[in-house]
Structure formats: structure tokens, C-alpha cells
file protein.cif (mmCIF, C-alpha atoms)
data_work
#
loop_
_atom_site.label_atom_id
_atom_site.label_comp_id
_atom_site.auth_asym_id
_atom_site.auth_seq_id
_atom_site.Cartn_x
_atom_site.Cartn_y
_atom_site.Cartn_z
CA MET A 1 46.15 201.93 180.59
CA ASN A 2 47.42 200.41 183.85
CA GLY A 3 49.60 197.35 184.29
CA ALA A 4 46.77 195.15 185.56
CA SER A 5 44.73 195.79 182.41
CA LEU A 6 47.70 194.97 180.16
CA SER A 7 48.37 191.76 182.07
CA SER A 8 44.72 190.75 181.67
CA GLN A 9 44.83 191.39 177.91
CA HIS A 10 48.08 189.45 177.59
CA ALA A 11 46.51 186.53 179.48
CA LEU A 12 43.46 186.57 177.22
CA LEU A 13 45.66 186.70 174.11
CA LEU A 14 47.84 183.86 175.38
CA GLY A 15 44.75 181.80 176.22
CA GLY A 16 43.29 182.44 172.78
CA LEU A 17 46.48 181.46 170.99
CA THR A 18 46.80 178.34 173.15
CA SER A 19 43.22 177.34 172.31
CA ILE A 20 43.79 177.87 168.60
CA GLY A 21 46.99 175.84 168.79
CA ALA A 22 45.21 173.01 170.61
CA VAL A 23 42.40 172.94 168.05
CA LEU A 24 44.86 172.84 165.14
CA TRP A 25 46.88 170.10 166.87
CA LEU A 26 43.75 167.99 167.42
CA LYS A 27 42.64 168.61 163.83
CA GLY A 28 46.02 167.42 162.58
CA LYS A 29 45.75 164.25 164.66
CA ASP A 30 42.19 163.70 163.50
CA GLU A 31 43.02 164.04 159.80
CA ARG A 32 46.40 162.33 159.92
CA VAL A 33 47.62 159.81 157.38
CA LEU A 34 47.72 156.42 159.10
CA THR A 35 51.26 155.20 159.58
CA ALA A 36 52.45 151.72 158.66
CA GLU A 37 52.83 151.02 162.39
CA GLU A 38 49.19 151.98 163.05
CA VAL A 39 47.98 149.73 160.24
CA LYS A 40 50.14 146.84 161.49
CA SER A 41 48.86 147.27 165.04
CA ALA A 42 45.25 147.43 163.83
CA ARG A 43 45.67 144.23 161.82
CA GLU A 44 47.13 142.44 164.85
CA ARG A 45 44.15 143.46 166.98
CA LEU A 46 41.70 142.41 164.29
CA GLN A 47 43.48 139.06 164.03
CA ARG A 48 42.91 138.47 167.74
CA LEU A 49 39.23 139.25 167.28
CA CYS A 50 38.83 136.56 164.62
CA THR A 51 41.09 133.88 166.11
CA ILE A 52 38.95 130.83 166.86
CA ASP A 53 39.95 127.45 168.22
CA PRO A 54 39.55 124.97 165.34
CA ASP A 55 38.06 122.50 167.83
CA GLU A 56 35.36 125.01 168.83
CA THR A 57 32.00 123.46 167.93
CA ASP A 58 29.99 126.69 168.21
CA GLN A 59 32.08 129.35 166.54
CA SER A 60 29.19 131.82 166.58
CA SER A 61 29.58 132.04 170.36
CA VAL A 62 33.08 133.50 169.94
CA HIS A 63 31.74 136.28 167.73
CA LEU A 64 28.82 136.84 170.08
CA SER A 65 31.27 137.23 172.95
CA ASN A 66 33.23 139.82 170.95
CA LEU A 67 30.03 141.68 170.06
CA LYS A 68 28.88 141.70 173.67
CA LYS A 69 32.18 142.90 175.13
CA TYR A 70 33.56 145.13 172.38
CA GLY A 71 30.62 145.69 170.05
CA VAL A 72 32.66 144.40 167.10
CA SER A 73 33.99 141.17 165.62
CA VAL A 74 35.78 140.10 162.44
CA VAL A 75 34.67 137.32 160.09
CA LYS A 76 37.41 135.90 157.88
CA GLU A 77 36.94 134.98 154.22
CA THR A 78 33.35 136.14 153.84
CA LEU A 79 34.10 136.24 150.11
CA ASP A 80 36.62 134.19 148.16
CA ARG A 81 38.76 135.71 145.42
CA GLN A 82 36.37 134.89 142.59
CA GLU A 83 33.41 136.35 144.48
CA ARG A 84 35.39 139.51 145.29
CA ASP A 85 36.27 140.02 141.62
CA GLN A 86 32.64 139.54 140.60
CA TRP A 87 31.36 142.04 143.14
CA LYS A 88 34.08 144.56 142.27
CA ALA A 89 33.03 144.40 138.63
CA LYS A 90 29.37 144.97 139.58
CA LEU A 91 30.32 147.86 141.86
CA GLU A 92 32.46 149.52 139.19
CA ARG A 93 29.72 149.22 136.57
CA THR A 94 27.22 150.73 138.97
CA PHE A 95 29.37 153.72 139.88
CA ASN A 96 30.47 154.28 136.28
CA SER A 97 26.83 154.54 135.22
CA LYS A 98 26.31 157.26 137.91
CA ALA A 99 22.59 156.48 138.01
CA GLY A 100 21.31 156.60 141.60
CA VAL A 101 24.79 157.23 143.03
CA ALA A 102 24.96 159.67 145.97
CA TRP A 103 28.14 161.47 147.02
CA ASN A 104 29.16 162.46 150.54
CA SER A 105 32.61 163.60 151.72
CA GLY A 106 34.26 162.06 148.65
CA ARG A 107 32.44 158.74 149.03
CA ALA A 108 30.10 157.20 146.51
CA HIS A 109 27.03 155.41 147.89
CA PHE A 110 24.60 153.27 145.96
CA CYS A 111 21.69 152.07 148.07
CA ILE A 112 20.20 148.94 146.55
CA SER A 113 16.42 148.81 146.76
CA LYS A 114 14.49 145.59 147.28
CA ARG A 115 13.26 145.82 143.70
CA HIS A 116 16.78 145.80 142.30
CA ASP A 117 18.15 142.49 141.01
CA LEU A 118 21.43 143.04 142.87
CA TYR A 119 19.55 143.20 146.17
CA HIS A 120 18.74 139.50 146.10
CA GLU A 121 22.35 138.63 145.33
CA LEU A 122 23.77 140.87 148.05
CA CYS A 123 21.40 139.46 150.65
CA LYS A 124 23.01 136.06 150.11
CA VAL A 125 26.57 137.27 150.76
CA GLY A 126 28.00 135.50 153.75
CA GLY A 127 24.87 133.39 154.08
CA SER A 128 23.79 129.83 153.60
CA GLY A 129 21.74 130.07 150.43
CA GLU A 130 18.58 129.67 152.52
CA TYR A 131 17.32 132.84 150.88
CA GLU A 132 17.11 131.01 147.57
CA ARG A 133 14.06 129.15 148.82
CA ASN A 134 12.07 132.36 148.41
CA ILE A 135 13.12 133.05 144.82
CA ASP A 136 10.71 132.06 142.10
CA ARG A 137 12.95 130.74 139.31
CA SER A 138 10.08 130.92 136.81
CA THR A 139 10.11 134.73 137.06
CA GLY A 140 13.78 134.98 136.14
CA GLY A 141 15.02 135.44 139.69
CA LYS A 142 12.37 137.91 140.88
CA VAL A 143 11.00 137.56 144.40
CA ALA A 144 7.87 135.47 144.50
CA ALA A 145 4.69 137.06 145.78
CA GLY A 146 4.48 136.99 149.55
CA SER A 147 7.97 135.57 149.88
CA TRP A 148 9.41 138.56 151.76
CA THR A 149 7.24 137.66 154.74
CA ASP A 150 8.38 134.07 154.47
CA TYR A 151 11.99 135.17 154.12
CA PHE A 152 12.01 137.19 157.33
CA ARG A 153 10.11 134.45 159.15
CA THR A 154 12.78 131.91 158.23
CA ARG A 155 15.51 134.00 159.82
CA SER A 156 14.84 132.30 163.16
CA LEU A 157 15.24 128.86 161.62
CA PRO A 158 18.60 127.07 161.67
CA ALA A 159 20.00 126.57 158.20
CA LYS A 160 22.66 124.42 156.68
CA SER A 161 25.49 126.86 156.08
CA THR A 162 27.94 126.99 153.20
CA ALA A 163 30.62 126.11 155.72
CA GLU A 164 28.74 122.95 156.69
CA THR A 165 28.36 122.12 153.00
CA ALA A 166 32.13 122.49 152.62
CA MET A 167 32.62 120.10 155.52
CA SER A 168 30.37 117.53 153.88
CA ASN A 169 32.47 117.89 150.71
CA GLY A 170 35.58 116.85 152.58
CA GLU A 171 37.06 120.24 153.45
CA ASN A 172 38.58 120.47 156.92
CA THR A 173 38.10 124.16 157.58
CA ARG A 174 34.81 125.06 159.25
CA ARG A 175 34.12 128.79 159.08
CA VAL A 176 31.07 130.41 160.54
CA THR A 177 28.92 132.48 158.18
CA LEU A 178 27.56 135.99 158.68
CA GLU A 179 24.06 134.57 158.59
CA GLU A 180 24.76 132.25 161.52
CA ILE A 181 26.19 135.09 163.62
CA VAL A 182 23.26 137.37 162.81
CA GLN A 183 20.76 134.64 163.71
CA SER A 184 22.55 133.97 167.01
CA TYR A 185 22.84 137.68 167.84
CA PHE A 186 19.12 138.37 167.54
CA ALA A 187 18.21 135.09 169.24
CA CYS A 188 20.35 135.90 172.30
CA HIS A 189 18.60 139.28 172.54
CA ASN A 190 15.22 137.54 172.25
CA ILE A 191 14.42 139.40 169.03
CA LYS A 192 12.28 137.12 166.88
CA ARG A 193 11.68 139.33 163.86
CA TYR A 194 14.45 141.20 162.09
CA GLU A 195 15.25 142.20 158.55
CA ILE A 196 17.86 143.64 156.23
CA THR A 197 17.37 147.41 156.40
CA ASP A 198 20.30 148.49 154.25
CA ALA A 199 22.20 146.96 151.35
CA GLN A 200 24.63 149.17 149.49
CA PHE A 201 27.80 149.62 147.52
CA LEU A 202 30.24 152.09 149.04
CA ASN A 203 33.54 153.38 147.71
CA ALA A 204 35.87 155.85 149.47
CA TYR A 205 37.84 157.52 146.71
CA PRO A 206 41.27 159.12 147.17
CA SER A 207 41.10 162.52 148.93
CA SER A 208 37.76 161.67 150.57
CA THR A 209 37.46 163.15 154.07
CA ASN A 210 36.44 161.78 157.45
CA GLN A 211 32.78 161.02 157.98
CA ILE A 212 30.95 162.40 160.98
CA TRP A 213 30.78 160.23 164.08
CA HIS A 214 27.47 158.40 164.23
CA ARG A 215 25.55 155.34 165.33
CA ASP A 216 23.66 153.23 162.78
CA ASN A 217 20.79 152.72 165.23
CA LYS A 218 19.92 153.68 168.79
CA PHE A 219 18.69 150.11 169.28
CA LYS A 220 20.22 146.67 168.85
CA GLY A 221 21.23 145.68 165.34
CA LEU A 222 24.23 144.62 163.28
CA THR A 223 26.16 146.09 160.36
CA ALA A 224 28.65 144.19 158.18
CA ILE A 225 31.26 145.89 156.02
CA ILE A 226 32.81 143.47 153.53
CA ALA A 227 36.12 144.52 151.99
CA LEU A 228 36.65 144.01 148.26
CA GLU A 229 40.24 145.31 148.49
CA ASP A 230 42.81 145.34 151.29
CA VAL A 231 41.95 148.19 153.66
CA THR A 232 44.81 150.24 155.13
CA SER A 233 44.88 154.04 155.06
CA ASN A 234 42.48 154.09 152.12
CA GLY A 235 39.42 154.95 154.20
CA CYS A 236 39.09 152.31 156.92
CA THR A 237 36.16 152.27 159.34
CA GLU A 238 37.09 153.68 162.76
CA LEU A 239 35.14 152.42 165.77
CA LEU A 240 35.02 153.57 169.39
CA VAL A 241 35.11 150.10 170.88
CA GLY A 242 32.65 149.42 173.71
CA THR A 243 30.42 152.46 173.19
CA HIS A 244 27.47 150.19 172.38
CA ILE A 245 26.94 149.70 176.12
CA CYS A 246 27.27 153.43 176.88
CA GLY A 247 23.73 154.76 176.85
CA THR A 248 24.36 157.84 179.01
CA LEU A 249 26.78 160.75 178.96
CA SER A 250 28.37 159.66 182.24
CA SER A 251 29.02 156.15 180.92
CA LEU A 252 30.65 157.62 177.80
CA ILE A 253 32.92 159.79 179.95
CA ARG A 254 33.87 156.74 182.02
CA TRP A 255 34.57 154.88 178.79
CA SER A 256 36.88 157.63 177.56
CA LEU A 257 38.78 157.48 180.86
CA GLY A 258 39.24 153.73 180.48
CA SER A 259 37.11 152.60 183.42
CA ILE A 260 34.04 151.27 181.62
CA SER A 261 35.33 147.69 181.41
CA GLU A 262 36.72 146.18 184.59
CA GLU A 263 37.66 143.02 182.68
CA SER A 264 40.15 144.77 180.39
CA ASP A 265 43.76 143.72 180.65
CA GLY A 266 46.88 143.81 178.55
CA LYS A 267 45.86 140.70 176.63
CA ASP A 268 42.56 142.17 175.43
CA ALA A 269 42.10 142.55 171.71
CA CYS A 270 40.42 145.89 172.36
CA LYS A 271 40.52 147.98 175.49
CA ALA A 272 38.69 151.31 175.80
CA ASN A 273 40.19 152.64 172.62
CA VAL A 274 39.75 153.12 168.89
CA LEU A 275 39.74 150.17 166.49
CA LEU A 276 40.74 150.68 162.86
CA GLY A 277 39.06 148.30 160.43
CA CYS A 278 42.18 147.51 158.37
CA LEU A 279 40.74 144.39 156.76
CA ASP A 280 42.15 141.89 154.32
CA ALA A 281 40.24 141.68 151.04
CA GLY A 282 37.29 139.30 151.43
CA ASP A 283 37.05 139.70 155.22
CA SER A 284 34.22 141.52 156.96
CA ILE A 285 33.94 143.59 160.11
CA LEU A 286 30.68 143.07 161.98
CA TYR A 287 29.65 145.63 164.59
CA ASP A 288 26.77 146.49 166.87
CA ALA A 289 24.60 149.27 165.42
CA ARG A 290 24.98 151.26 168.67
CA VAL A 291 28.77 151.59 168.38
CA LEU A 292 29.99 155.12 167.65
CA HIS A 293 31.99 154.96 164.43
CA ARG A 294 32.92 156.75 161.22
CA GLY A 295 34.69 156.12 157.93
CA ARG A 296 38.16 157.68 157.82
CA GLY A 297 39.18 159.73 154.81
CA ASN A 298 41.07 157.99 152.04
CA ASN A 299 44.48 159.66 152.15
CA CYS A 300 46.39 156.65 150.83
CA THR A 301 49.53 157.77 148.99
CA ASP A 302 49.15 155.19 146.20
CA GLU A 303 45.71 156.48 145.15
CA ARG A 304 43.77 153.28 145.93
CA ASP A 305 39.98 153.17 146.25
CA ARG A 306 38.27 151.42 149.15
CA PRO A 307 35.30 149.53 147.67
CA VAL A 308 33.10 147.65 150.15
CA LEU A 309 29.73 145.97 150.42
CA VAL A 310 27.47 147.01 153.30
CA LEU A 311 24.67 144.98 154.89
CA ARG A 312 22.63 146.04 157.90
CA TRP A 313 20.16 144.05 159.99
CA ASP A 314 17.72 145.60 162.47
CA ALA A 315 14.80 144.43 164.54
CA SER A 316 11.55 144.91 162.65
CA ARG A 317 10.12 146.97 165.53
CA THR A 318 13.11 149.34 165.76
CA PRO A 319 14.14 150.49 162.26
CA PRO A 320 17.17 152.80 161.95
CA PRO A 321 18.24 155.34 163.00
CA GLY A 322 15.97 155.09 166.05
CA CYS A 323 16.47 158.74 167.03
CA GLY A 324 15.84 162.26 165.79
CA LEU A 325 18.04 165.07 164.54
CA ILE A 326 18.97 166.30 168.04
CA VAL A 327 20.36 162.96 169.21
CA THR A 328 22.07 162.37 165.85
CA THR A 329 23.78 165.78 166.12
CA ALA A 330 24.72 165.08 169.74
CA ASN A 331 26.42 161.84 168.65
CA VAL A 332 28.56 163.80 166.17
CA TYR A 333 29.94 166.03 168.93
CA LEU A 334 30.19 163.22 171.48
CA GLY A 335 32.36 161.30 169.04
CA LYS A 336 34.60 164.35 168.54
CA ILE A 337 34.94 164.94 172.29
CA LEU A 338 35.69 161.29 173.07
CA TYR A 339 38.24 161.11 170.28
CA ALA A 340 39.93 164.28 171.55
CA ILE A 341 40.12 162.80 175.06
CA LEU A 342 41.76 159.65 173.68
CA ILE A 343 44.27 161.79 171.79
CA ALA A 344 45.02 163.78 174.92
CA ARG A 345 45.55 160.53 176.84
CA GLY A 346 48.11 159.44 174.24
CA LEU A 347 46.02 156.46 173.11
CA ILE A 348 46.05 157.64 169.49
CA SER A 349 49.28 158.23 167.57
#

call {"tool": "encode", "arguments": {"input": "protein.cif", "output": "C-alpha cells"}}
result
Amino acid sequence: MNGASLSSQHALLLGGLTSIGAVLWLKGKDERVLTAEEVKSARERLQRLCTIDPDETDQSSVHLSNLKKYGVSVVKETLDRQERDQWKAKLERTFNSKAGVAWNSGRAHFCISKRHDLYHELCKVGGSGEYERNIDRSTGGKVAAGSWTDYFRTRSLPAKSTAETAMSNGENTRRVTLEEIVQSYFACHNIKRYEITDAQFLNAYPSSTNQIWHRDNKFKGLTAIIALEDVTSNGCTELLVGTHICGTLSSLIRWSLGSISEESDGKDACKANVLLGCLDAGDSILYDARVLHRGRGNNCTDERDRPVLVLRWDASRTPPPGCGLIVTTANVYLGKILYAILIARGLIS
């Protein structure tokens, strides 16, 4: 065997070992335990997303601006303490019964059908109570015949929110509701008919692993994740901020290189980067259905669950996921590639 052949084999071996090392390094970064510094930084960025001038008369416009630019916004105090405790108890009873509970990557999912009593309650979370107009009290809280059509038709109508009710009761704080933001979002996109397409309980248990990267819908829509406990390294949602406006491979590559948004500057809450949904209990993260995202694994050292409520709204003409298996699979690998690029650029710890 001549020297040239040996040199070629050595080069191939070195290249193979380097590739294996790179893959293991990226895997370690991908599955890392979030540090206290990462959680603190994420909370600071989320705080900037939900900071609203108290004199702002149309607070929905602030959230709409966030959703347009970043594809994500944060709504404070969607649930108060009493409401959180009530929903936690309902979630625990549901998962303890194990009936209808699905498991995936160490997460428990319970999708609530429209026939389930809890569905009507969950639909009112973060809303104005307008939904109650379509409940027939004489049937013990069941939906009245034909009222689903009426319910979806009323979504384009302005409603008196719980926040406005609080104002009329003498409270000074005026907080926008999820319902108001959802109404404004679809109105600004000229979508007249939309509906709740998903209502579920979700709990990321300790030792759960990362979800696959995915989009909730190829088309416009909104998803809200409402935290019932403080969210840190116990399975937070991880979002690739700004990918909702990246409909092509070239635009995704530009996004990963940080050139997709010419308006970004050092004061931005989110530049072309990853956002960790490290929420306070009771708060909700609201994101565009087209944003690439995943749930991180729950590797919290103190063995805490991450129970959340999930609500999703989509246009009636474009139900989720809006694409087939090929595009869904492509999104999985696109998310991995983009995340690896961000790691290589030093944008992820």
C-alpha cells in the first residue's frame, strides 16, 4: 500500500471522526439542561414582548405588532391564581383517570372534544364570557342546538371583555384578553370565519424529551399555551422567531443568517433567534400557527411537571395542519438544520 493511499484513508478517518464529534456536540447542545442564565434571559425577552403603555387605548394593536414582526406575543395574567388551581385540579383528575390520554415523548395529551363538558369551559379561558350566550342553561350547560354556528358567527362581533368589566367595577388595570387579540388578528387578515380547532390539556413530565420541530398550520392561525405552573427548564416551548414569514427555503436560510429582518436592532425583544417560553404561572404565550416550534424536554432537576392548557384557532377554510406528510417531515429537518446553524453562530448557549 503506497503513501498516497494511506494518506487518503487517514483523511477519510479524520473526516469521519470530525463528523461524529460535530453530531455529538450538536446533540449535546440540543438536549442541554437550560441554565439559570438562559431562563433569566428568556424571561427578560418575554417581559419586553408583553410590556404595554398603560395609557395605550388599543392594547390589542401591541400584540398584533408582535405577532406580525416576530410571530409571537405574551399575554399576562390570562388566569388568576384561583382559576389556575381549578384548572390544575381538573387536569390532574383527567390524567389520573388515564381515559383518552395519549403519550408522546414523555408528554401526556388529552384532546377535549366538542361534546366534552370541559370543552365549553376551556373555550371561555381568556375570553369575555360572550360564549355563554350560546349555552342553554336548561340543558345543564350543554350546547344548544344550532348554537355552534351562532358561536362562530359572533367571533367577528366586538364583545365587552372581562377587562372592561373590571374597569367598570373600579379597577385601574386594563388588560387585553386572548379573545380580543384573536378577533383582531383574524380581522386584520380579512378572515371572517374562524373557529377553535384544538382544545387540550398537556403535561410534560420529568425526563420527557424534545418534540420534533413543526408548524401547527401552513396557513394563518393562532395557538395559545397557558401556563398553570411557572415554566423554566421543565419543558418550555421553543420557537424560531420570525419563521412565520419564511415560506421558502431561501427565506429560511436568510433568517438563519440573521438577514430576514432589516428592522432588527439591539433593542429588539427578539431578533432572528430562538425564544424560550419561560412563562410565569397564569400567563400565556400566543404564536402564529406558521412559526416553527417544539416543546423542549423536561429535564428540570427538581422533578416538576409542566402542565398547560392549549387553545388553537384557525380559519374555517384552512383547517390544520394544512399540508401533507412530506411537508410535515421537511419541517422537522428544516427545524433541525436552522437550530444547528444558530448553534454554530453562537446564538444558543

call {"tool": "resolve_selection", "arguments": {"input": "protein.cif", "expression": "the PyMOL selection byres ((chain A and resi 217) around 6)", "output": "ChimeraX atom specification"}}
result
/A:215-216,218-219,289-290,320-322

call {"tool": "atom_distance", "arguments": {"input": "protein.cif", "atom1": "CA of Val75 (chain A)", "atom2": "CA of Val125 (chain A)"}}
result
12.4 Å

call {"tool": "atom_distance", "arguments": {"input": "protein.cif", "atom1": "CA of Gly106 (chain A)", "atom2": "CA of Leu79 (chain A)"}}
result
25.9 Å

call {"tool": "residues_around", "arguments": {"input": "protein.cif", "residues": "region 94-100 of chain A", "least_positions_apart": "6", "cutoff": "10 Å", "atoms": "all atoms listed in the file", "output": "PyMOL selection string"}}
result
chain A and resi 88+108-112+201-203

call {"tool": "atom_distance", "arguments": {"input": "protein.cif", "atom1": "CA of Asp58 (chain A)", "atom2": "CA of Thr223 (chain A)"}}
result
21.3 Å

call {"tool": "closest_residue", "arguments": {"input": "protein.cif", "among": "A:Leu14, A:Leu178, A:Leu222, A:Leu338", "to": "Ala315 (chain A)", "atoms": "all atoms listed in the file"}}
result
A:Leu222

call {"tool": "closest_residue", "arguments": {"input": "protein.cif", "among": "A:Lys27, A:Lys76, A:Lys336, A:Arg32", "to": "Ile225 (chain A)", "atoms": "only C-alpha atoms"}}
result
A:Lys76

call {"tool": "resolve_selection", "arguments": {"input": "protein.cif", "expression": "the PyMOL selection byres ((chain A and resi 185-200) around 8)", "output": "PyMOL selection string"}}
result
chain A and resi 64+109-113+119+122-123+152-153+155-156+181-184+201-202+221+309-317+319-320

call {"tool": "closest_residue", "arguments": {"input": "protein.cif", "among": "A:Arg345, A:Lys29, A:Glu229, A:Lys40", "to": "Gly258 (chain A)", "atoms": "all atoms listed in the file"}}
result
A:Arg345

call {"tool": "resolve_selection", "arguments": {"input": "protein.cif", "expression": "the PyMOL selection byres ((chain A and resi 63) around 12)", "output": "PyMOL selection string"}}
result
chain A and resi 48-52+56+58-62+64-76+175-178+180-185+285-288

call {"tool": "residues_around", "arguments": {"input": "protein.cif", "residues": "Cys278 (chain A)", "least_positions_apart": "5", "cutoff": "12 Å", "atoms": "all atoms listed in the file", "output": "short mmCIF file (atom, residue, chain, number, x, y, z; two decimals) with C-alpha atoms, in the frame of the given file"}}
result
data_model
loop_
_atom_site.label_atom_id
_atom_site.label_comp_id
_atom_site.auth_asym_id
_atom_site.auth_seq_id
_atom_site.Cartn_x
_atom_site.Cartn_y
_atom_site.Cartn_z
CA LEU A 34 47.72 156.42 159.10
CA THR A 35 51.26 155.20 159.58
CA ALA A 36 52.45 151.72 158.66
CA GLU A 37 52.83 151.02 162.39
CA GLU A 38 49.19 151.98 163.05
CA VAL A 39 47.98 149.73 160.24
CA LYS A 40 50.14 146.84 161.49
CA SER A 41 48.86 147.27 165.04
CA ALA A 42 45.25 147.43 163.83
CA ARG A 43 45.67 144.23 161.82
CA GLU A 44 47.13 142.44 164.85
CA ARG A 45 44.15 143.46 166.98
CA LEU A 46 41.70 142.41 164.29
CA GLN A 47 43.48 139.06 164.03
CA VAL A 74 35.78 140.10 162.44
CA ILE A 225 31.26 145.89 156.02
CA ILE A 226 32.81 143.47 153.53
CA ALA A 227 36.12 144.52 151.99
CA GLU A 229 40.24 145.31 148.49
CA ASP A 230 42.81 145.34 151.29
CA VAL A 231 41.95 148.19 153.66
CA THR A 232 44.81 150.24 155.13
CA SER A 233 44.88 154.04 155.06
CA ASN A 234 42.48 154.09 152.12
CA GLY A 235 39.42 154.95 154.20
CA CYS A 236 39.09 152.31 156.92
CA THR A 237 36.16 152.27 159.34
CA GLU A 238 37.09 153.68 162.76
CA LEU A 239 35.14 152.42 165.77
CA ASP A 283 37.05 139.70 155.22
CA SER A 284 34.22 141.52 156.96
CA ILE A 285 33.94 143.59 160.11
CA GLY A 295 34.69 156.12 157.93
CA ARG A 296 38.16 157.68 157.82
CA ARG A 306 38.27 151.42 149.15
#

call {"tool": "closest_residue", "arguments": {"input": "protein.cif", "among": "A:Arg107, A:His116, A:Lys124, A:His244", "to": "Gln211 (chain A)", "atoms": "all atoms listed in the file"}}
result
A:Arg107

call {"tool": "closest_residue", "arguments": {"input": "protein.cif", "among": "A:Ala102, A:Ala89, A:Ser207, A:Glu121", "to": "Gly297 (chain A)", "atoms": "all atoms listed in the file"}}
result
A:Ser207

call {"tool": "closest_residue", "arguments": {"input": "protein.cif", "among": "A:Leu276, A:Arg294, A:Leu228, A:Asn331", "to": "Cys246 (chain A)", "atoms": "all atoms listed in the file"}}
result
A:Asn331
